[in-house]
Amino acid sequence: MDESERDLSVMTQPDSYEAAVERLEEIIDRLDSGQAGLRETLDLCKEGRELVKYCAAELDEVGEGLKELRLDDLAAKLEVGSEPS
Amino acid sequence: MDQQPAQKQVGTGLPGPYSVGRYAGKLQEWMRERARVQLIGEVTGVGRSKVQAYFELRDADGAIPCAIWLNDLERAGLSDGALRDGAEVVISGGLDYYPGGGQASPNFCFRATHVRLAGEGDLIARLEALRKQLRAEGLFELQKQLHRPRLPKAIGVVTAETGAARRDLLAGLQRRGWGGSVIWGFAPVQDRHAAPAIGRAVQDLAARPEVEAIVVTRGGGSLADLWAFCDETLCRTVAMLRVPVVSAVGHERDKTLIDDVAAVACSTPTHAAEAAVPLDCIAARESLERCAVSLRRAGEGAVGTRSRHLGALARGPARALQRERGKLNQKIREIRAASERGLAERAASQKRIGSVVLERARNRAAGADMEKRQAALRRAMVALRAHEPERTLERGYALVEGEGGEPLGSAAEVSAEERISLRFSDGRVRARPERDDAA
């Protein structure tokens, strides 16, 4: 991987929480192996921090208390919204 | 049906016209002659007159009007209210037709002479046939191939509004620390309206883009109670949905058809909550915190270790310089000492030379005494030379020496040596003394 590719991969937004966690585990494993050089370590740490931030935001989205909605209410709103004015 | 062409064919060319009453009578006879059979289905629209009970028997594919005389119904021994809407029953009987009359309306029905609640065996047989058919069509696999997100933001739930399943599901979600959106698609879960209503609800939920998983759940019951979840149309609908469906119908022992077509089948609403939101959010937050700590340590460690190493490397040249400077100073000290020593020696030497010069000057100053002394010295040297061994050797003598060059002055000393050397005035000859053993 050359520098530009590495930078690109660092900046890429994960597709999903599970994809982010999977990549995060890869990063931790690589760092724990002690085989990464300084530049790679710093890049991995940067990417890891972004992923942690992303995952935390995802968890925060479902961390503010359960919201209950009724399908028929949503359908009614949809019908009202779609009526011609 | 027997046709008796009693009348001349007119108009359309068909037989008749017959009197309607007579035709109706014949129709009744024909129907009553049809084979008596058993039918199984769900009872709907139960009503009673003074002499009979009537209802429709239906399933997903069709319905037929039925009637049973009250005395036959009593003989069937059903408990009060057993023949009710939603009940799965097996009826025995055959086709019947009431021709009506001048004032009474005609009526077609399946005349039941016996009725019993459908047993597990009846339902299981139907269920197995359906299961075999849907499996053969590959409908059990479609949902299982769908991706199930570990952390959905919104899930749809189809259940009864007042059931315990709703409460259990919510408790399960909250135990996982999940606080996303639950969109309830409330539907009856036990009667002939249940399957179509559940089917509509899952379709409507699946049509909402924010819904990432759908749970279909209800509490336990007999297979007849759960029969709506074995409905063929509902199960085909679920199988074709693009959103994964988690089913939790009845208890662990109850295996409905929707369990087969769903992405995941669970035994309880609590398990369904875990399947719909696979991620335990509480544990995930803790794990994420640990990841953040690991990353921080890795970053700090990598920089810290390397900066310490770099610091050591940076101090290296200074240390080397200091070391070399020390060596240089040592050299300087040594040179200075050597120089001082050299100067002292030179001074001493000059002093000695000075002394010799002075001595010579003094000797020159001494004059005739000096010449006398020199003549005496020359005489002494001649005398001395006369006694030198070299002079003796020049006269033809030889000096016997041992291996170490020491002179050997006696036969005993020579005999003790292995090798000897005979020194002449013009060189040496090595020799080995012969011992006189006899001596």
# chains A, B, ... in the order shown; residues from 1 in each chain; ligands from 1
>>> interface_residues(of="chain B", to="chain A", cutoff="9 Å", atoms="only C-alpha atoms", output="JSON, numbers by chain")
{"B": [149, 150, 151, 152, 153, 154, 156, 170, 173, 174, 177, 178, 179, 180, 181, 182, 183, 184, 185, 186, 201, 204, 205, 281, 284, 285, 288, 289, 291, 292, 294, 295, 296, 298, 299, 302, 303, 306]}
>>> write_last_selection(atoms="C-alpha atoms", output="mmCIF file, in the first residue's frame")
data_model
loop_
_atom_site.group_PDB
_atom_site.id
_atom_site.type_symbol
_atom_site.label_atom_id
_atom_site.label_comp_id
_atom_site.auth_asym_id
_atom_site.auth_seq_id
_atom_site.Cartn_x
_atom_site.Cartn_y
_atom_site.Cartn_z
ATOM 1 C CA PRO B 149 -27.275 -5.586 10.931
ATOM 2 C CA ARG B 150 -25.758 -5.957 14.382
ATOM 3 C CA LEU B 151 -26.889 -2.501 15.407
ATOM 4 C CA PRO B 152 -30.148 -1.532 13.720
ATOM 5 C CA LYS B 153 -31.450 1.953 14.415
ATOM 6 C CA ALA B 154 -35.077 0.991 13.920
ATOM 7 C CA GLY B 156 -40.506 -3.177 13.259
ATOM 8 C CA LEU B 170 -39.292 -4.316 25.127
ATOM 9 C CA LEU B 173 -34.271 -4.630 24.089
ATOM 10 C CA GLN B 174 -33.740 -2.444 27.121
ATOM 11 C CA GLY B 177 -29.018 -1.026 26.372
ATOM 12 C CA TRP B 178 -30.627 -0.470 23.001
ATOM 13 C CA GLY B 179 -32.612 2.737 22.638
ATOM 14 C CA GLY B 180 -33.474 2.858 18.947
ATOM 15 C CA SER B 181 -36.915 3.128 17.388
ATOM 16 C CA VAL B 182 -39.527 0.421 17.632
ATOM 17 C CA ILE B 183 -42.293 0.696 15.073
ATOM 18 C CA TRP B 184 -45.255 -1.337 16.223
ATOM 19 C CA GLY B 185 -47.389 -3.022 13.628
ATOM 20 C CA PHE B 186 -50.151 -4.225 15.893
ATOM 21 C CA ALA B 201 -48.116 -5.289 8.755
ATOM 22 C CA ASP B 204 -45.838 -2.112 5.449
ATOM 23 C CA LEU B 205 -42.923 -2.282 7.869
ATOM 24 C CA CYS B 281 -24.923 -2.107 23.446
ATOM 25 C CA ALA B 284 -20.173 -2.765 23.122
ATOM 26 C CA ARG B 285 -19.646 0.585 24.862
ATOM 27 C CA LEU B 288 -15.154 0.453 22.608
ATOM 28 C CA GLU B 289 -13.692 2.177 25.644
ATOM 29 C CA CYS B 291 -10.268 -0.141 22.196
ATOM 30 C CA ALA B 292 -9.817 3.597 22.699
ATOM 31 C CA SER B 294 -5.456 0.423 23.544
ATOM 32 C CA LEU B 295 -5.142 2.872 20.679
ATOM 33 C CA ARG B 296 -4.029 5.674 22.979
ATOM 34 C CA ALA B 298 -0.203 2.147 21.254
ATOM 35 C CA GLY B 299 0.179 5.669 19.879
ATOM 36 C CA ALA B 302 5.188 4.072 19.787
ATOM 37 C CA VAL B 303 6.085 7.738 19.993
ATOM 38 C CA ARG B 306 10.994 6.011 19.708
#
>>> select_by_dssp(residues="chain A", states="strand (DSSP E)", output="VMD selection string")
chain A and resid 67 to 70
>>> write_last_selection(atoms="C-alpha atoms", output="PDB file, in the first residue's frame")
ATOM      1  CA  LYS A  67     -38.697   5.397  20.995  1.00  0.00           C
ATOM      2  CA  GLU A  68     -42.013   3.721  20.244  1.00  0.00           C
ATOM      3  CA  LEU A  69     -43.956   4.556  17.100  1.00  0.00           C
ATOM      4  CA  ARG A  70     -47.091   3.057  15.649  1.00  0.00           C
TER       5      ARG A  70
END
>>> residues_around(residues="region 57-65 of chain B", least_positions_apart="4", cutoff="7 Å", atoms="only C-alpha atoms", output="ChimeraX atom specification")
/B:41-44,109-110
>>> atom_distance(atom1="CA of Cys230 (chain B)", atom2="CA of Ile258 (chain B)")
6.1 Å
>>> atom_distance(atom1="CA of Ala263 (chain B)", atom2="CA of Arg23 (chain A)")
26.0 Å
>>> closest_residue(among="B:Gly81, B:Gly16, B:Ala239, B:Leu223", to="Glu137 (chain B)", atoms="only C-alpha atoms")
B:Ala239
>>> atom_distance(atom1="CA of Gly94 (chain B)", atom2="CA of Val37 (chain B)")
6.2 Å
